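Colleague: target_32.txt is reproduced below (compact mmCIF, C-alpha atoms and all ligand atoms).
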# COMPACT_ATOMS: atom_id res chain seq x y z
CA MET A 1 -22.49 -10.11 -49.35
CA PRO A 2 -26.05 -10.88 -48.24
CA ASN A 3 -28.85 -12.17 -50.46
CA ILE A 4 -32.24 -10.59 -50.96
CA ALA A 5 -35.34 -11.66 -52.89
CA ILE A 6 -37.71 -9.03 -54.25
CA ILE A 7 -41.09 -10.42 -55.29
CA GLY A 8 -42.61 -8.17 -57.97
CA ALA A 9 -39.51 -6.36 -59.22
CA SER A 10 -40.41 -5.27 -62.78
CA ARG A 11 -41.30 -1.64 -62.05
CA GLY A 12 -42.03 0.98 -59.41
CA ILE A 13 -40.99 0.34 -55.83
CA GLY A 14 -39.85 -3.25 -56.50
CA LEU A 15 -37.50 -2.17 -59.29
CA GLU A 16 -36.02 0.52 -57.05
CA PHE A 17 -35.42 -2.09 -54.31
CA VAL A 18 -33.45 -4.09 -56.87
CA ARG A 19 -31.45 -1.05 -58.00
CA GLN A 20 -30.47 0.04 -54.49
CA TYR A 21 -29.58 -3.38 -53.06
CA ALA A 22 -27.64 -4.34 -56.22
CA ALA A 23 -25.76 -1.02 -56.11
CA ASP A 24 -24.84 -1.88 -52.53
CA GLY A 25 -23.30 -5.18 -53.66
CA TRP A 26 -26.06 -7.55 -52.55
CA ARG A 27 -27.03 -10.56 -54.64
CA VAL A 28 -30.60 -9.89 -55.71
CA TYR A 29 -33.13 -12.55 -56.68
CA ALA A 30 -35.69 -10.47 -58.58
CA THR A 31 -39.00 -11.85 -59.81
CA THR A 32 -41.09 -10.72 -62.75
CA ARG A 33 -44.05 -12.02 -64.68
CA THR A 34 -42.19 -11.35 -67.94
CA PRO A 35 -38.65 -12.77 -67.68
CA ASP A 36 -38.34 -12.99 -71.48
CA SER A 37 -38.84 -9.24 -71.81
CA PRO A 38 -37.66 -7.91 -68.45
CA GLY A 39 -37.52 -4.26 -69.57
CA ALA A 40 -35.84 -1.95 -67.06
CA LEU A 41 -35.12 -4.88 -64.74
CA GLY A 42 -33.00 -6.50 -67.46
CA LYS A 43 -30.90 -3.34 -67.75
CA MET A 44 -30.04 -3.10 -64.05
CA ARG A 45 -26.38 -3.49 -63.12
CA GLY A 46 -25.15 -5.80 -60.40
CA ASP A 47 -25.48 -9.37 -59.19
CA ILE A 48 -29.11 -9.81 -60.18
CA ARG A 49 -30.82 -13.14 -60.93
CA ILE A 50 -34.15 -12.79 -62.70
CA HIS A 51 -36.85 -15.38 -62.02
CA HIS A 52 -40.33 -15.95 -63.40
CA LEU A 53 -43.10 -15.59 -60.82
CA ASP A 54 -46.75 -14.68 -61.12
CA VAL A 55 -47.91 -14.68 -57.52
CA ARG A 56 -51.42 -15.76 -58.55
CA SER A 57 -49.96 -19.19 -59.39
CA ASP A 58 -49.28 -21.73 -56.63
CA THR A 59 -47.22 -23.66 -59.18
CA HIS A 60 -44.97 -20.63 -59.80
CA ILE A 61 -44.56 -20.05 -56.06
CA ALA A 62 -43.64 -23.69 -55.42
CA ARG A 63 -41.19 -23.71 -58.34
CA PHE A 64 -39.48 -20.51 -57.19
CA ALA A 65 -39.19 -21.87 -53.62
CA ASP A 66 -37.68 -25.05 -55.03
CA VAL A 67 -35.14 -23.15 -57.15
CA LEU A 68 -34.12 -21.15 -54.07
CA SER A 69 -34.15 -24.09 -51.67
CA LYS A 70 -30.33 -24.05 -51.35
CA VAL A 71 -30.14 -20.24 -51.12
CA ALA A 72 -30.02 -18.41 -47.78
CA LEU A 73 -32.24 -15.31 -48.06
CA ASP A 74 -31.17 -12.63 -45.61
CA VAL A 75 -34.08 -10.43 -46.58
CA LEU A 76 -37.29 -11.33 -48.39
CA VAL A 77 -39.55 -8.51 -49.61
CA HIS A 78 -43.01 -9.29 -50.96
CA ASN A 79 -43.73 -6.16 -52.98
CA ALA A 80 -46.12 -7.32 -55.74
CA GLY A 81 -49.50 -5.65 -55.53
CA VAL A 82 -52.39 -4.41 -57.67
CA LEU A 83 -54.87 -1.58 -57.65
CA ASN A 84 -57.42 -2.96 -60.08
CA SER A 85 -60.43 -0.82 -59.45
CA ARG A 86 -61.20 2.60 -58.04
CA GLY A 87 -64.95 2.25 -58.52
CA ARG A 88 -67.35 -0.67 -58.42
CA ALA A 89 -65.22 -3.78 -58.87
CA SER A 90 -66.18 -6.77 -61.00
CA PRO A 91 -66.08 -10.23 -59.35
CA GLU A 92 -62.91 -10.95 -61.34
CA GLU A 93 -61.23 -7.79 -60.04
CA ILE A 94 -62.21 -8.64 -56.47
CA ALA A 95 -60.80 -12.17 -56.77
CA GLU A 96 -57.56 -11.01 -58.40
CA THR A 97 -57.00 -8.17 -55.92
CA MET A 98 -57.56 -10.42 -52.92
CA ARG A 99 -55.32 -13.10 -54.38
CA VAL A 100 -52.40 -10.77 -55.21
CA ASN A 101 -52.62 -8.33 -52.30
CA ALA A 102 -53.82 -10.51 -49.42
CA GLU A 103 -53.21 -14.21 -50.12
CA ALA A 104 -50.03 -14.22 -52.22
CA PRO A 105 -47.73 -12.43 -49.72
CA ILE A 106 -48.49 -15.03 -47.05
CA ALA A 107 -48.30 -17.96 -49.48
CA THR A 108 -45.01 -16.77 -50.99
CA VAL A 109 -43.28 -16.00 -47.72
CA SER A 110 -44.46 -19.31 -46.25
CA ALA A 111 -43.05 -21.19 -49.26
CA LEU A 112 -39.68 -19.43 -48.90
CA ILE A 113 -39.43 -19.41 -45.11
CA ASP A 114 -36.80 -22.19 -44.96
CA SER A 115 -34.50 -20.10 -47.16
CA VAL A 116 -34.98 -17.13 -44.81
CA ILE A 117 -34.33 -19.28 -41.73
CA ALA A 118 -31.08 -20.53 -43.32
CA SER A 119 -29.72 -16.97 -43.55
CA GLU A 120 -27.88 -14.76 -41.09
CA GLN A 121 -30.34 -11.84 -40.99
CA LYS A 122 -33.69 -13.70 -41.32
CA LYS A 123 -35.81 -10.67 -42.22
CA VAL A 124 -39.15 -10.51 -44.03
CA ALA A 125 -41.15 -7.49 -45.20
CA VAL A 126 -44.58 -7.62 -46.77
CA ILE A 127 -45.49 -4.42 -48.54
CA SER A 128 -48.90 -3.44 -47.27
CA SER A 129 -50.47 0.05 -47.27
CA ILE A 130 -51.76 2.58 -44.80
CA GLN A 131 -55.02 2.16 -46.68
CA GLY A 132 -55.31 -1.23 -44.98
CA SER A 133 -55.27 0.45 -41.57
CA GLY A 134 -58.60 -0.05 -39.81
CA ARG A 135 -59.92 -2.17 -42.68
CA PRO A 136 -62.18 -3.74 -43.65
CA ARG A 137 -64.83 -1.07 -43.00
CA PRO A 138 -68.13 -2.48 -44.21
CA SER A 139 -69.74 0.96 -44.35
CA SER A 140 -67.22 2.25 -46.88
CA PRO A 141 -66.23 -0.43 -49.35
CA ASP A 142 -62.77 0.02 -50.85
CA LEU A 143 -61.38 -3.02 -52.58
CA TYR A 144 -57.72 -2.00 -52.41
CA GLY A 145 -57.87 -0.90 -48.75
CA ASP A 146 -59.85 -3.97 -47.79
CA SER A 147 -57.34 -6.24 -49.55
CA LYS A 148 -54.44 -4.66 -47.65
CA GLY A 149 -56.48 -4.87 -44.43
CA GLU A 150 -57.00 -8.55 -45.14
CA LEU A 151 -53.24 -8.94 -45.72
CA ASN A 152 -52.59 -7.26 -42.37
CA LYS A 153 -55.04 -9.60 -40.64
CA ARG A 154 -53.43 -12.68 -42.17
CA PHE A 155 -49.94 -11.36 -41.43
CA ARG A 156 -50.79 -10.91 -37.75
CA VAL A 157 -52.09 -14.48 -37.55
CA ILE A 158 -48.99 -16.10 -39.08
CA GLU A 159 -46.21 -13.75 -37.91
CA PRO A 160 -45.86 -15.39 -34.44
CA GLU A 161 -45.18 -18.69 -36.18
CA TRP A 162 -42.43 -17.11 -38.32
CA ARG A 163 -41.06 -15.35 -35.24
CA SER A 164 -40.86 -18.68 -33.39
CA LEU A 165 -38.57 -19.85 -36.21
CA GLY A 166 -36.20 -16.93 -35.59
CA VAL A 167 -37.57 -14.68 -38.36
CA THR A 168 -38.13 -10.93 -37.94
CA ALA A 169 -41.16 -10.03 -40.05
CA VAL A 170 -42.80 -6.63 -40.53
CA ALA A 171 -45.57 -5.11 -42.64
CA LEU A 172 -44.51 -1.89 -44.37
CA HIS A 173 -46.28 1.14 -45.84
CA PRO A 174 -43.94 2.61 -48.47
CA GLY A 175 -45.46 6.10 -48.32
CA TYR A 176 -47.47 7.73 -51.10
CA VAL A 177 -45.04 7.06 -53.93
CA LYS A 178 -44.94 8.18 -57.57
CA THR A 179 -45.38 4.94 -59.57
CA ASP A 180 -47.66 3.53 -62.27
CA MET A 181 -50.09 2.63 -59.47
CA THR A 182 -50.54 6.17 -58.19
CA GLY A 183 -49.35 8.45 -61.00
CA GLN A 184 -46.84 11.24 -60.93
CA HIS A 185 -48.91 13.49 -58.66
CA ALA A 186 -48.09 11.24 -55.67
CA GLY A 187 -45.92 12.52 -52.86
CA ILE A 188 -42.45 10.97 -52.82
CA THR A 189 -40.10 9.27 -55.25
CA THR A 190 -39.33 5.56 -55.29
CA THR A 191 -35.75 6.52 -54.34
CA GLU A 192 -36.91 8.23 -51.16
CA SER A 193 -39.37 5.48 -50.23
CA VAL A 194 -36.95 2.62 -50.78
CA SER A 195 -34.04 4.41 -49.10
CA GLY A 196 -36.24 4.78 -46.03
CA MET A 197 -37.39 1.16 -46.07
CA ARG A 198 -33.82 -0.08 -46.59
CA SER A 199 -32.48 1.78 -43.59
CA LEU A 200 -35.45 0.58 -41.55
CA LEU A 201 -34.79 -3.03 -42.63
CA ALA A 202 -31.08 -2.68 -41.87
CA GLY A 203 -31.90 -1.61 -38.31
CA LEU A 204 -34.60 -4.19 -37.58
CA THR A 205 -34.09 -6.31 -34.48
CA PRO A 206 -36.06 -9.41 -33.43
CA GLY A 207 -38.08 -7.24 -31.03
CA ASP A 208 -39.52 -5.38 -34.04
CA SER A 209 -41.20 -8.47 -35.43
CA GLY A 210 -44.93 -8.02 -35.89
CA ARG A 211 -44.86 -4.24 -36.31
CA PHE A 212 -46.64 -2.24 -39.04
CA LEU A 213 -44.30 0.60 -40.02
CA ASP A 214 -44.14 3.32 -42.62
CA TYR A 215 -41.02 3.96 -44.72
CA ARG A 216 -39.65 6.31 -42.05
CA GLY A 217 -40.02 3.70 -39.31
CA LYS A 218 -43.16 5.24 -37.77
CA ASP A 219 -45.71 2.79 -36.34
CA ILE A 220 -49.09 2.57 -38.09
CA ALA A 221 -52.26 1.44 -36.34
CA TRP A 222 -53.47 -1.92 -37.63
N1 LIG A 301 -47.18 3.62 -54.83
C1 LIG A 301 -47.71 3.86 -53.64
O1 LIG A 301 -47.96 5.03 -53.25
C2 LIG A 301 -48.01 2.73 -52.70
C3 LIG A 301 -48.58 3.05 -51.44
C4 LIG A 301 -48.86 2.00 -50.55
C5 LIG A 301 -48.55 0.70 -50.89
N2 LIG A 301 -48.03 0.42 -52.12
C6 LIG A 301 -47.72 -0.97 -52.41
O2 LIG A 301 -46.39 -1.08 -52.85
C7 LIG A 301 -46.25 -2.20 -53.74
C8 LIG A 301 -45.60 -1.74 -55.04
O3 LIG A 301 -46.44 -0.77 -55.62
P1 LIG A 301 -45.99 0.20 -56.82
O4 LIG A 301 -46.53 1.53 -56.49
O5 LIG A 301 -44.55 0.04 -57.12
O6 LIG A 301 -46.90 -0.39 -58.00
P2 LIG A 301 -46.61 -0.69 -59.53
O7 LIG A 301 -45.67 0.31 -60.10
O8 LIG A 301 -47.98 -0.84 -60.14
O9 LIG A 301 -45.85 -2.11 -59.49
C9 LIG A 301 -46.53 -3.25 -59.05
C10 LIG A 301 -45.58 -4.42 -59.13
O10 LIG A 301 -46.29 -5.60 -58.71
C11 LIG A 301 -46.15 -6.58 -59.73
N3 LIG A 301 -47.27 -7.49 -59.81
C12 LIG A 301 -48.59 -7.18 -59.97
N4 LIG A 301 -49.32 -8.31 -60.06
C13 LIG A 301 -48.45 -9.34 -59.96
C14 LIG A 301 -48.59 -10.74 -60.01
N5 LIG A 301 -49.78 -11.34 -60.19
N6 LIG A 301 -47.47 -11.50 -59.86
C15 LIG A 301 -46.27 -10.93 -59.69
N7 LIG A 301 -46.06 -9.61 -59.67
C16 LIG A 301 -47.15 -8.82 -59.80
C17 LIG A 301 -46.03 -5.78 -61.02
O11 LIG A 301 -45.52 -6.60 -62.05
P3 LIG A 301 -45.98 -6.41 -63.61
O12 LIG A 301 -45.05 -5.38 -64.18
O13 LIG A 301 -45.82 -7.76 -64.20
O14 LIG A 301 -47.41 -5.96 -63.61
C18 LIG A 301 -45.10 -4.68 -60.56
O15 LIG A 301 -43.76 -5.12 -60.52
C19 LIG A 301 -47.66 -2.76 -53.93
O16 LIG A 301 -47.87 -3.83 -53.03
C20 LIG A 301 -48.55 -1.58 -53.55
O17 LIG A 301 -49.84 -2.00 -53.13
C21 LIG A 301 -47.75 1.40 -53.03
How does the structure come out when it is put into structure tokens?

Modeller:
Amino acid sequence: MPNIAIIGASRGIGLEFVRQYAADGWRVYATTRTPDSPGALGKMRGDIRIHHLDVRSDTHIARFADVLSKVALDVLVHNAGVLNSRGRASPEEIAETMRVNAEAPIATVSALIDSVIASEQKKVAVISSIQGSGRPRPSSPDLYGDSKGELNKRFRVIEPEWRSLGVTAVALHPGYVKTDMTGQHAGITTTESVSGMRSLLAGLTPGDSGRFLDYRGKDIAW
């Protein structure tokens, strides 16, 4: 069966990715910041390997890439993200949000790209957000939206390089999903969101590389 790595798998959408791929028989490399107390991730059934990764740490990223250097990753999903502030953000919140949401996905995928290239499917998804569409907008500051807009910008710069290596890489909006990040008033369940993204990923072809898609496969404007 194929291998997948889910970066940021402790809860919410990432945890549901683990559950669904493991239930389908895939080997899942799941990362968490708390491997000693993995919570729900530790209770998941299937071929799941839990690894320690805080995406703010270059050392953690390099170590994880080293551990997986002999593993072929058919699919790599960078899911980790934060919504630190809904109002005026502190300098620390701005730095952390930009690091986790905009810089880490590119750094982590770049570190693991050889493992992706070594696989059969060679697919990458960075979990962005529709709130990054059309961002940044200087007239209406929004830290979370701006950070996802910055991720999109960086993704579009590096994606041609990954494509030239045979990788199919997309940015995904998972929908408005009930998780700790949004609360239970949000629109859809993690099951619905991840089912949609899984079928989209299963159907990806090299010609799709560089697209920004929602969980139903609908294009989103950058
Ligand atoms: N929910 C939505 O409606 C929605 C909409 C658009 C986009 N998204 C995006 O979808 C992704 C998942 O969101 P979610 O709703 O599932 O959020 P969530 O329930 O808050 O989960 C966030 C995940 O990211 C991990 N994470 C945060 N900071 C990290 C770090 N420094 N290093 C490693 N992992 C870290 C968390 O791990 P810990 O448990 O250790 O904190 C957790 O596993 C995010 O990128 C989010 O921006 C969500």

Colleague: Considering all atoms listed in the file, return as a PyMOL selection string whatever protein or nucleic-acid residues lie within 12 Å of range 99-106 of chain A, sequence-local ones (same chain, fewer than 3 positions apart) excluded.

Modeller: chain A and resi 6-8+53-58+60-62+76-84+92-96+109-113+124-129+132+143-159+161-162+169-171

Colleague: By how many Å are CA of Trp222 in chain A and CA of Asn3 in chain A apart?

Modeller: 29.6 Å

Colleague: Between atom O9 of ligand LIG 301 (chain A) and CA of Gln184 in chain A, what is the spacing in Å?

Modeller: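 Here the two named atoms are 13.5 Å from each other.
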
Colleague: Between CA of Gly12 in chain A and atom P2 of ligand LIG 301 (chain A), what is the distance in Å, rounded to a tenth?

Modeller: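 Here the two named atoms are 4.9 Å from each other.
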
Colleague: Set the distance at 10 Å and use all atoms listed in the file: which residues neighbour Met44 in chain A once local chain neighbours fewer than 6 positions away are removed? I'd like the list as a PyMOL selection string.

Modeller: chain A and resi 15-16+18-19+22-23

Colleague: A:Leu68, A:Met181, A:Leu73, A:Ile117: which is nearest ligand LIG 301 (chain A), counting all atoms listed in the file?

Modeller: A:Met181

Colleague: Can you tell me which residues surround Pro38 in chain A at a distance of at most 9 Å, considering all atoms listed in the file, apart from same-chain residues fewer than 5 positions away, and format the answer as a VMD selection string?

Modeller: chain A and resid 10 32 to 33 43 50

Colleague: Would you please work out which residue, of A:Thr182, A:Thr168, A:Ser193, A:Thr31, is nearest to Thr108 in chain A when using all atoms listed in the file?

Modeller: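 With all atoms listed in the file as the atom set, the closest residue is A:Thr31.
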
Colleague: Neighbouring residues of Leu200 in chain A were defined as those with any atom within 12 Å, considering all atoms listed in the file; residues of the same chain fewer than 4 positions away were excluded. Please report them as a PyMOL selection string.

Modeller: chain A and resi 123-125+170-174+193-196+204-205+208+211-219

Colleague: Measuring between only C-alpha atoms and all ligand atoms, which one of A:Pro136, A:Gly187, A:Pro91, A:Pro2 shows the shortest distance to ligand LIG 301 (chain A)?

Modeller: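 Counting only C-alpha atoms and all ligand atoms, the residue closest to ligand LIG 301 (chain A) is A:Gly187.
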